[in-house]
>>> print(open('start.txt').read())   # compact mmCIF, C-alpha atoms
# COMPACT_ATOMS: atom_id res chain seq x y z
CA MET A 1 -18.30 11.74 9.46
CA PRO A 2 -14.60 10.90 9.35
CA SER A 3 -12.20 13.63 8.41
CA GLY A 4 -9.98 13.27 5.34
CA ASP A 5 -9.10 14.85 2.05
CA ARG A 6 -10.94 12.41 -0.23
CA PRO A 7 -14.42 11.83 1.23
CA HIS A 8 -16.20 11.85 -2.12
CA ALA A 9 -13.78 9.37 -3.67
CA LEU A 10 -14.27 7.06 -0.70
CA GLU A 11 -18.03 7.43 -0.97
CA ARG A 12 -17.83 6.35 -4.60
CA GLN A 13 -15.76 3.34 -3.57
CA ALA A 14 -18.29 2.60 -0.86
CA PHE A 15 -21.27 2.71 -3.21
CA HIS A 16 -19.44 0.52 -5.71
CA GLY A 17 -18.65 -1.97 -3.00
CA LEU A 18 -22.19 -2.08 -1.69
CA GLU A 19 -23.55 -2.58 -5.21
CA ARG A 20 -21.23 -5.57 -5.58
CA LEU A 21 -22.37 -6.77 -2.16
CA CYS A 22 -25.99 -6.80 -3.32
CA GLU A 23 -25.02 -8.67 -6.48
CA SER A 24 -22.74 -11.29 -4.96
CA ALA A 25 -23.99 -11.44 -1.33
CA GLU A 26 -21.37 -11.98 1.36
CA SER A 27 -17.86 -12.77 0.26
CA ILE A 28 -14.18 -12.69 1.19
CA ARG A 29 -11.55 -12.21 -1.50
CA THR A 30 -7.96 -13.10 -0.69
CA ALA A 31 -4.80 -11.87 -2.40
CA PRO A 32 -1.87 -14.07 -3.51
CA ALA A 33 0.13 -15.14 -0.48
CA LEU A 34 3.24 -13.29 0.69
CA PRO A 35 5.62 -14.29 3.52
CA GLY A 36 4.16 -12.92 6.74
CA ILE A 37 1.41 -10.95 4.95
CA GLU A 38 -2.24 -11.72 4.21
CA ARG A 39 -4.55 -9.33 2.35
CA ILE A 40 -8.34 -9.61 2.09
CA GLU A 41 -11.36 -7.68 0.88
CA ALA A 42 -14.73 -8.45 2.47
CA TYR A 43 -18.41 -7.71 1.81
CA PHE A 44 -20.79 -8.56 4.63
CA GLN A 45 -24.27 -8.03 5.98
CA GLY A 46 -25.15 -8.51 9.62
CA ARG A 47 -22.98 -9.96 12.35
CA VAL A 48 -20.40 -12.25 10.75
CA PHE A 49 -17.48 -13.06 13.05
CA GLU A 50 -17.90 -14.50 16.54
CA LEU A 51 -15.37 -13.62 19.24
CA HIS A 52 -11.90 -14.72 18.15
CA ARG A 53 -8.28 -13.54 18.09
CA HIS A 54 -5.34 -13.53 15.67
CA ASP A 55 -1.64 -13.96 16.23
CA THR A 56 -1.03 -11.14 13.75
CA TYR A 57 -1.64 -7.41 13.54
CA ALA A 58 -4.81 -6.61 11.61
CA VAL A 59 -4.67 -3.24 9.83
CA GLY A 60 -7.37 -2.10 7.43
CA VAL A 61 -9.73 0.53 6.08
CA THR A 62 -13.52 0.60 6.05
CA LEU A 63 -14.65 1.49 2.53
CA GLY A 64 -18.43 1.29 2.77
CA GLY A 65 -21.11 0.88 5.38
CA VAL A 66 -20.56 0.85 9.14
CA GLN A 67 -18.21 -1.65 10.76
CA THR A 68 -18.95 -2.59 14.38
CA PHE A 69 -16.97 -4.84 16.71
CA GLN A 70 -16.18 -5.59 20.33
CA TYR A 71 -12.54 -4.98 21.29
CA ARG A 72 -10.84 -4.64 24.66
CA GLY A 73 -14.12 -4.51 26.57
CA ALA A 74 -15.85 -1.84 24.48
CA SER A 75 -18.07 -1.51 21.38
CA ARG A 76 -16.24 0.09 18.44
CA VAL A 77 -17.50 1.68 15.23
CA SER A 78 -15.59 2.39 12.02
CA LEU A 79 -16.98 4.57 9.22
CA PRO A 80 -15.83 4.82 5.58
CA GLY A 81 -12.29 6.17 5.37
CA GLN A 82 -11.29 5.28 8.91
CA VAL A 83 -8.33 3.07 9.76
CA ILE A 84 -8.68 0.00 11.98
CA VAL A 85 -5.78 -1.50 13.95
CA LEU A 86 -6.18 -4.67 16.04
CA HIS A 87 -3.27 -5.91 18.12
CA PRO A 88 -2.25 -9.60 18.13
CA ASP A 89 -3.99 -11.85 20.65
CA GLU A 90 -6.77 -9.35 21.41
CA VAL A 91 -10.27 -10.88 21.40
CA HIS A 92 -12.76 -9.25 19.00
CA ASP A 93 -15.77 -9.96 16.82
CA GLY A 94 -17.11 -8.08 13.81
CA GLY A 95 -19.88 -7.31 11.36
CA ALA A 96 -22.00 -4.69 9.65
CA GLY A 97 -23.64 -2.08 11.84
CA THR A 98 -26.51 -1.32 9.45
CA GLU A 99 -28.69 -3.19 6.96
CA ALA A 100 -26.78 -1.53 4.11
CA GLY A 101 -23.88 -3.95 4.59
CA LEU A 102 -20.15 -3.56 5.03
CA HIS A 103 -17.14 -3.31 2.68
CA TYR A 104 -13.55 -3.22 3.93
CA ARG A 105 -9.98 -4.24 3.15
CA MET A 106 -7.57 -5.65 5.70
CA ILE A 107 -3.90 -6.61 5.95
CA TYR A 108 -2.68 -9.20 8.48
CA LEU A 109 1.00 -8.79 9.40
CA GLU A 110 3.14 -11.18 11.42
CA PRO A 111 4.57 -9.28 14.42
CA SER A 112 8.14 -10.35 13.64
CA LEU A 113 7.86 -8.74 10.20
CA LEU A 114 6.50 -5.52 11.67
CA LEU A 115 9.30 -5.45 14.24
CA ARG A 116 11.88 -5.73 11.48
CA GLY A 117 10.14 -2.87 9.69
CA LEU A 118 10.66 -0.68 12.76
CA GLY A 119 14.38 -1.43 12.95
CA GLU A 120 16.61 -3.14 15.47
CA GLY A 121 16.99 -1.54 18.87
CA GLY A 122 13.55 0.05 18.80
CA ALA A 123 11.10 0.16 21.67
CA GLY A 124 9.38 -3.10 20.70
CA LEU A 125 6.06 -3.72 19.00
CA PRO A 126 3.72 -0.71 18.96
CA PHE A 127 0.43 -0.90 20.82
CA VAL A 128 -2.20 1.44 19.36
CA HIS A 129 -4.68 2.08 22.16
CA GLN A 130 -7.34 3.59 19.90
CA PRO A 131 -8.30 0.86 17.37
CA VAL A 132 -10.28 3.19 15.07
CA PHE A 133 -8.97 6.57 13.97
CA ASP A 134 -8.76 9.10 11.15
CA ASP A 135 -5.41 9.28 9.37
CA PRO A 136 -5.75 10.17 5.65
CA GLU A 137 -2.03 9.65 5.02
CA LEU A 138 -1.90 6.17 6.53
CA ARG A 139 -5.26 5.27 4.99
CA ASP A 140 -4.07 6.21 1.51
CA GLU A 141 -0.80 4.31 1.96
CA ILE A 142 -2.69 1.19 3.01
CA LEU A 143 -5.12 1.40 0.09
CA SER A 144 -2.53 2.28 -2.54
CA LEU A 145 -0.33 -0.65 -1.55
CA LEU A 146 -3.23 -3.07 -1.27
CA GLY A 147 -4.15 -2.44 -4.91
CA PRO A 148 -6.30 -4.95 -6.80
CA LEU A 149 -6.23 -8.13 -4.75
CA ASP A 150 -6.06 -10.38 -7.79
CA GLN A 151 -2.57 -9.01 -8.48
CA GLY A 152 0.44 -10.03 -6.42
CA LEU A 153 2.81 -7.59 -4.75
CA GLU A 154 6.42 -7.52 -5.83
CA ASP A 155 8.98 -7.94 -3.06
CA LEU A 156 9.93 -4.27 -2.93
CA ALA A 157 6.28 -3.21 -2.79
CA ALA A 158 5.71 -5.56 0.14
CA ASP A 159 8.76 -4.14 1.94
CA ASP A 160 7.40 -0.64 1.31
CA LEU A 161 4.03 -1.63 2.73
CA VAL A 162 5.50 -3.12 5.90
CA ALA A 163 7.82 -0.17 6.54
CA ARG A 164 5.08 2.42 6.02
CA ILE A 165 2.59 0.62 8.23
CA ALA A 166 5.24 0.10 10.91
CA ARG A 167 6.00 3.82 11.01
CA GLY A 168 2.30 4.71 11.03
CA LEU A 169 1.56 2.37 13.94
CA ALA A 170 4.56 3.61 15.90
CA ARG A 171 3.35 7.17 15.42
CA HIS A 172 -0.15 6.35 16.71
CA ALA A 173 1.31 4.37 19.60
CA GLY A 174 3.40 7.41 20.62
CA GLN A 175 6.49 5.26 20.22
CA PRO A 176 9.72 7.03 19.22
CA LEU A 177 11.55 5.60 16.24
CA LYS A 178 15.16 4.55 16.57
CA PRO A 179 17.56 7.22 15.24
CA LEU A 180 18.89 6.20 11.85
CA GLY A 181 22.54 6.96 12.55
CA PRO A 182 25.11 7.83 9.88
CA LEU A 183 23.78 7.60 6.33
CA ALA A 184 24.93 4.46 4.48
CA LEU A 185 25.32 6.45 1.28
CA ARG A 186 27.66 4.09 -0.57
CA GLN A 187 25.36 1.13 0.04
CA VAL A 188 22.19 2.90 -1.06
CA GLU A 189 23.91 4.29 -4.15
CA ARG A 190 24.78 0.72 -5.13
CA ALA A 191 21.13 -0.24 -4.63
CA ARG A 192 19.95 2.75 -6.65
CA ASP A 193 22.29 1.91 -9.55
CA TYR A 194 21.12 -1.70 -9.51
CA LEU A 195 17.47 -0.63 -9.64
CA GLU A 196 18.25 1.75 -12.51
CA ALA A 197 19.90 -1.06 -14.47
CA HIS A 198 17.13 -3.61 -13.77
CA ALA A 199 14.10 -1.31 -13.79
CA LEU A 200 12.02 -3.50 -16.10
CA GLU A 201 12.59 -6.65 -14.04
CA ALA A 202 10.93 -7.93 -10.88
CA VAL A 203 13.77 -7.14 -8.48
CA ARG A 204 13.68 -9.35 -5.41
CA SER A 205 14.45 -8.06 -1.94
CA GLU A 206 17.23 -10.62 -1.52
CA GLU A 207 18.96 -9.29 -4.65
CA LEU A 208 18.96 -5.74 -3.31
CA GLU A 209 20.16 -6.88 0.11
CA ASP A 210 23.12 -8.63 -1.54
CA VAL A 211 23.95 -5.58 -3.68
CA ALA A 212 23.76 -3.09 -0.81
CA GLY A 213 25.03 -5.24 2.03
CA LEU A 214 22.09 -4.15 4.19
CA ASP A 215 18.93 -5.93 5.28
CA ARG A 216 15.84 -4.81 3.39
CA PHE A 217 14.33 -2.59 6.07
CA THR A 218 17.58 -0.88 7.00
CA LEU A 219 18.09 -0.31 3.28
CA TYR A 220 14.57 1.12 3.02
CA ARG A 221 15.22 3.66 5.78
CA HIS A 222 18.61 4.77 4.44
CA PHE A 223 17.40 4.84 0.84
CA ARG A 224 14.46 7.04 1.80
CA ARG A 225 16.73 9.41 3.74
CA ALA A 226 19.17 9.66 0.83
CA PHE A 227 16.73 9.94 -2.08
CA ALA A 228 13.41 11.00 -0.47
CA THR A 229 11.65 7.93 -1.84
CA SER A 230 11.58 4.18 -1.31
CA PRO A 231 13.32 1.55 -3.45
CA HIS A 232 9.93 0.40 -4.70
CA ARG A 233 8.83 3.91 -5.65
CA PHE A 234 12.18 4.57 -7.35
CA LEU A 235 11.81 1.39 -9.43
CA LEU A 236 8.20 2.24 -10.27
CA MET A 237 9.12 5.71 -11.54
CA ARG A 238 11.86 4.27 -13.76
CA ARG A 239 9.27 1.94 -15.29
CA LEU A 240 6.81 4.76 -15.77
CA GLY A 241 9.47 6.90 -17.39
CA GLN A 242 10.18 4.11 -19.89
CA ALA A 243 6.45 3.68 -20.46
CA ARG A 244 6.10 7.38 -21.20
CA THR A 245 8.89 7.21 -23.76
CA MET A 246 7.19 4.27 -25.47
CA ILE A 247 3.84 6.07 -25.44
CA GLU A 248 5.41 9.07 -27.15
CA ALA A 249 6.80 6.68 -29.77
CA GLY A 250 3.25 5.52 -30.53
CA GLU A 251 3.50 1.95 -29.25
CA PRO A 252 0.28 0.14 -28.17
CA LEU A 253 -0.57 0.57 -24.50
CA ALA A 254 -1.12 -3.14 -23.83
CA GLU A 255 2.35 -3.92 -25.22
CA ILE A 256 3.87 -1.07 -23.21
CA ALA A 257 2.34 -2.39 -19.99
CA ALA A 258 3.78 -5.87 -20.60
CA ALA A 259 7.19 -4.52 -21.58
CA THR A 260 7.56 -2.24 -18.56
CA GLY A 261 6.64 -4.74 -15.84
CA PHE A 262 2.97 -3.92 -15.20
CA ALA A 263 0.36 -6.66 -14.80
CA ASP A 264 -1.87 -5.23 -17.52
CA GLN A 265 -2.97 -1.97 -19.12
CA SER A 266 -5.24 -0.99 -16.23
CA HIS A 267 -2.35 -1.50 -13.80
CA LEU A 268 -0.17 0.79 -15.90
CA THR A 269 -2.97 3.36 -16.20
CA ARG A 270 -3.55 3.52 -12.45
CA HIS A 271 0.11 4.14 -11.62
CA PHE A 272 0.69 6.45 -14.59
CA LYS A 273 -2.19 8.71 -13.56
CA LYS A 274 -0.96 8.83 -9.95
CA ALA A 275 2.53 9.81 -11.12
CA PHE A 276 1.74 12.26 -13.92
CA GLY A 277 -1.87 13.36 -13.40
CA LEU A 278 -2.96 12.07 -16.82
CA THR A 279 -3.93 8.69 -18.22
CA PRO A 280 -1.54 7.08 -20.72
CA GLY A 281 -4.13 7.60 -23.45
CA ARG A 282 -4.38 11.30 -22.71
CA TRP A 283 -0.59 11.58 -22.64
CA ALA A 284 -0.47 9.88 -26.05
CA ASP A 285 -3.00 12.39 -27.43
CA LEU A 286 -1.12 15.38 -26.08
CA THR A 287 2.30 14.25 -27.28
CA ALA A 288 1.22 12.90 -30.69
CA GLY A 289 2.11 16.14 -32.48
CA SER A 290 4.98 17.23 -30.25
CA ALA A 291 7.47 17.01 -33.14
CA ASP A 292 5.65 19.86 -34.86
CA VAL A 293 5.69 22.16 -31.82
CA PRO A 294 8.33 24.95 -31.87
CA PRO A 295 11.15 24.16 -29.40
CA THR A 296 10.45 27.33 -27.39
CA LEU A 297 6.92 26.08 -26.65
CA LYS A 298 7.83 22.54 -25.61
>>> encode(input="start.txt", output="structure tokens")
Amino acid sequence: MPSGDRPHALERQAFHGLERLCESAESIRTAPALPGIERIEAYFQGRVFELHRHDTYAVGVTLGGVQTFQYRGASRVSLPGQVIVLHPDEVHDGGAGTEAGLHYRMIYLEPSLLLRGLGEGGAGLPFVHQPVFDDPELRDEILSLLGPLDQGLEDLAADDLVARIARGLARHAGQPLKPLGPLALRQVERARDYLEAHALEAVRSEELEDVAGLDRFTLYRHFRRAFATSPHRFLLMRRLGQARTMIEAGEPLAEIAAATGFADQSHLTRHFKKAFGLTPGRWADLTAGSADVPPTLK
């Protein structure tokens, strides 16, 4: 049984996935395309993929069932909650290890994009010798940034995903990260101010690069050092703060989601709950009578 801090949640995801597998048989769902990034979700029974190899990194999480594959001369097994990392140009196959079927999500990253995420002057592309491992932090980052595959990723979210995965792979490869050097505070402050002013818009990575005068991944590393969060997370929290204000004003949730840059109400709900620990509806209930509460109790 893989270690981790959310085994029951993953089990629920696994059961849900296997139920869908029984209903819809084998399937692969693909996300909207992004430069250098592919995202899929798969439901399988039996042996599916013959021996083959990619020219990308394959990084994913098993959500349900048992995933088995041949890789670098050995048989591998991945259980729900475990992370899988396959290096480019390594021959492998894949399929379900039991009759119950298999449910997983995977990201395919072009090596050049991953190298940029690590930063110039680093030790090169990371090679993770153990292709299956337990890492709750990396697992949760992968799953949270994958999100529903029918929704696209904004530029800043994609940058966040690449940078986080790059750091996670470097850590598991035992590869030291390049020292950041002096903090580019003036540049990241310009980026922060721009995000604050355009929080309800889909800010593109190129825009932020022009504002800061830094490439997107250098900006990511300096921004995180300066403000303890990523540009994407900073933008997301500004949107959620605006959504909370609108909820307290009694505006409809569907209209709030559209006005604050979320794909739909469920998208808003998912991020709102992660940020504040309550659903938007519950927040609306609790703040509906806040005007009548004595100031000392607010």
>>> residues_around(input="start.txt", residues="segment 152-169 of chain A", least_positions_apart="5", cutoff="8 Å", atoms="only C-alpha atoms", output="number ranges by chain")
A: 31-34, 113-115, 117-118, 126-128, 138, 141-142, 145, 177, 202-205, 216-217, 220, 230-232
>>> closest_residue(input="start.txt", among="A:Leu240, A:Gly250, A:His198, A:Gln67", to="Phe272 of chain A", atoms="only C-alpha atoms")
A:Leu240
>>> atom_distance(input="start.txt", atom1="atom CA of Pro280 of chain A", atom2="atom CA of Ile247 of chain A")
7.2 Å
>>> residues_near_point(input="start.txt", point="(-8.4, -9.3, 0.3)", cutoff="7 Å", atoms="all atoms listed in the file", output="list in words")
Ile28, Arg29, Thr30, Ala31, Arg39, Ile40, Glu41, Ala42, Arg105, Met106 and Leu149 of chain A
>>> closest_residue(input="start.txt", among="A:Val61, A:Thr68, A:Asp264, A:Val188", to="Arg47 of chain A", atoms="only C-alpha atoms")
A:Thr68
>>> atom_distance(input="start.txt", atom1="atom CA of Leu278 of chain A", atom2="atom CA of Ala197 of chain A")
26.5 Å
>>> closest_residue(input="start.txt", among="A:His271, A:Pro176, A:Gly64, A:Asp93", to="Glu50 of chain A", atoms="all atoms listed in the file")
A:Asp93
>>> atom_distance(input="start.txt", atom1="atom CA of Tyr104 of chain A", atom2="atom CA of Leu268 of chain A")
24.3 Å
>>> closest_residue(input="start.txt", among="A:Ala96, A:Leu219, A:Ala258, A:Ala243", to="Arg190 of chain A", atoms="all atoms listed in the file")
A:Leu219
>>> residues_near_point(input="start.txt", point="(-2.2, -6.0, 9.6)", cutoff="8 Å", atoms="only C-alpha atoms", output="PyMOL selection string")
chain A and resi 37-38+56-60+85-86+106-110
>>> write_last_selection(input="start.txt", atoms="C-alpha atoms", output="mmCIF file, in the coordinates of the input")
data_model
loop_
_atom_site.group_PDB
_atom_site.id
_atom_site.type_symbol
_atom_site.label_atom_id
_atom_site.label_comp_id
_atom_site.auth_asym_id
_atom_site.auth_seq_id
_atom_site.Cartn_x
_atom_site.Cartn_y
_atom_site.Cartn_z
ATOM 1 C CA ILE A 37 1.410 -10.950 4.950
ATOM 2 C CA GLU A 38 -2.240 -11.720 4.210
ATOM 3 C CA THR A 56 -1.030 -11.140 13.750
ATOM 4 C CA TYR A 57 -1.640 -7.410 13.540
ATOM 5 C CA ALA A 58 -4.810 -6.610 11.610
ATOM 6 C CA VAL A 59 -4.670 -3.240 9.830
ATOM 7 C CA GLY A 60 -7.370 -2.100 7.430
ATOM 8 C CA VAL A 85 -5.780 -1.500 13.950
ATOM 9 C CA LEU A 86 -6.180 -4.670 16.040
ATOM 10 C CA MET A 106 -7.570 -5.650 5.700
ATOM 11 C CA ILE A 107 -3.900 -6.610 5.950
ATOM 12 C CA TYR A 108 -2.680 -9.200 8.480
ATOM 13 C CA LEU A 109 1.000 -8.790 9.400
ATOM 14 C CA GLU A 110 3.140 -11.180 11.420
#
>>> axis_aligned_box(input="start.txt", around="segment 256-275 of chain A", padding_each_side="3 Å", output="JSON")
{"center_x": 1.2, "center_y": 1.6, "center_z": -16.6, "size_x": 18.8, "size_y": 22.5, "size_z": 19.3}
>>> residues_around(input="start.txt", residues="Gly97 of chain A", least_positions_apart="5", cutoff="9 Å", atoms="only C-alpha atoms", output="list in words")
Gln45, Gly46, Arg47, Gly65, Val66, Gln67, Thr68, Phe69, Val77 and Leu102 of chain A
>>> write_last_selection(input="start.txt", atoms="C-alpha atoms", output="PDB file, in the frame of the given file")
ATOM      1  CA  GLN A  45     -24.270  -8.030   5.980  1.00  0.00           C
ATOM      2  CA  GLY A  46     -25.150  -8.510   9.620  1.00  0.00           C
ATOM      3  CA  ARG A  47     -22.980  -9.960  12.350  1.00  0.00           C
ATOM      4  CA  GLY A  65     -21.110   0.880   5.380  1.00  0.00           C
ATOM      5  CA  VAL A  66     -20.560   0.850   9.140  1.00  0.00           C
ATOM      6  CA  GLN A  67     -18.210  -1.650  10.760  1.00  0.00           C
ATOM      7  CA  THR A  68     -18.950  -2.590  14.380  1.00  0.00           C
ATOM      8  CA  PHE A  69     -16.970  -4.840  16.710  1.00  0.00           C
ATOM      9  CA  VAL A  77     -17.500   1.680  15.230  1.00  0.00           C
ATOM     10  CA  LEU A 102     -20.150  -3.560   5.030  1.00  0.00           C
TER      11      LEU A 102
END
>>> residues_around(input="start.txt", residues="Pro182 of chain A", least_positions_apart="2", cutoff="12 Å", atoms="all atoms listed in the file", output="VMD selection string")
chain A and resid 179 to 180 184 to 187 218 221 to 222 225 to 226
>>> residues_around(input="start.txt", residues="Glu248 of chain A", least_positions_apart="3", cutoff="7 Å", atoms="all atoms listed in the file", output="list in words")
Arg244, Thr245, Ala284, Thr287 and Ala288 of chain A
>>> closest_residue(input="start.txt", among="A:Lys274, A:Arg116, A:Arg171, A:Arg233", to="Asp215 of chain A", atoms="only C-alpha atoms")
A:Arg116
>>> closest_residue(input="start.txt", among="A:Gln70, A:Leu125, A:Leu208, A:Leu63", to="Pro88 of chain A", atoms="all atoms listed in the file")
A:Leu125
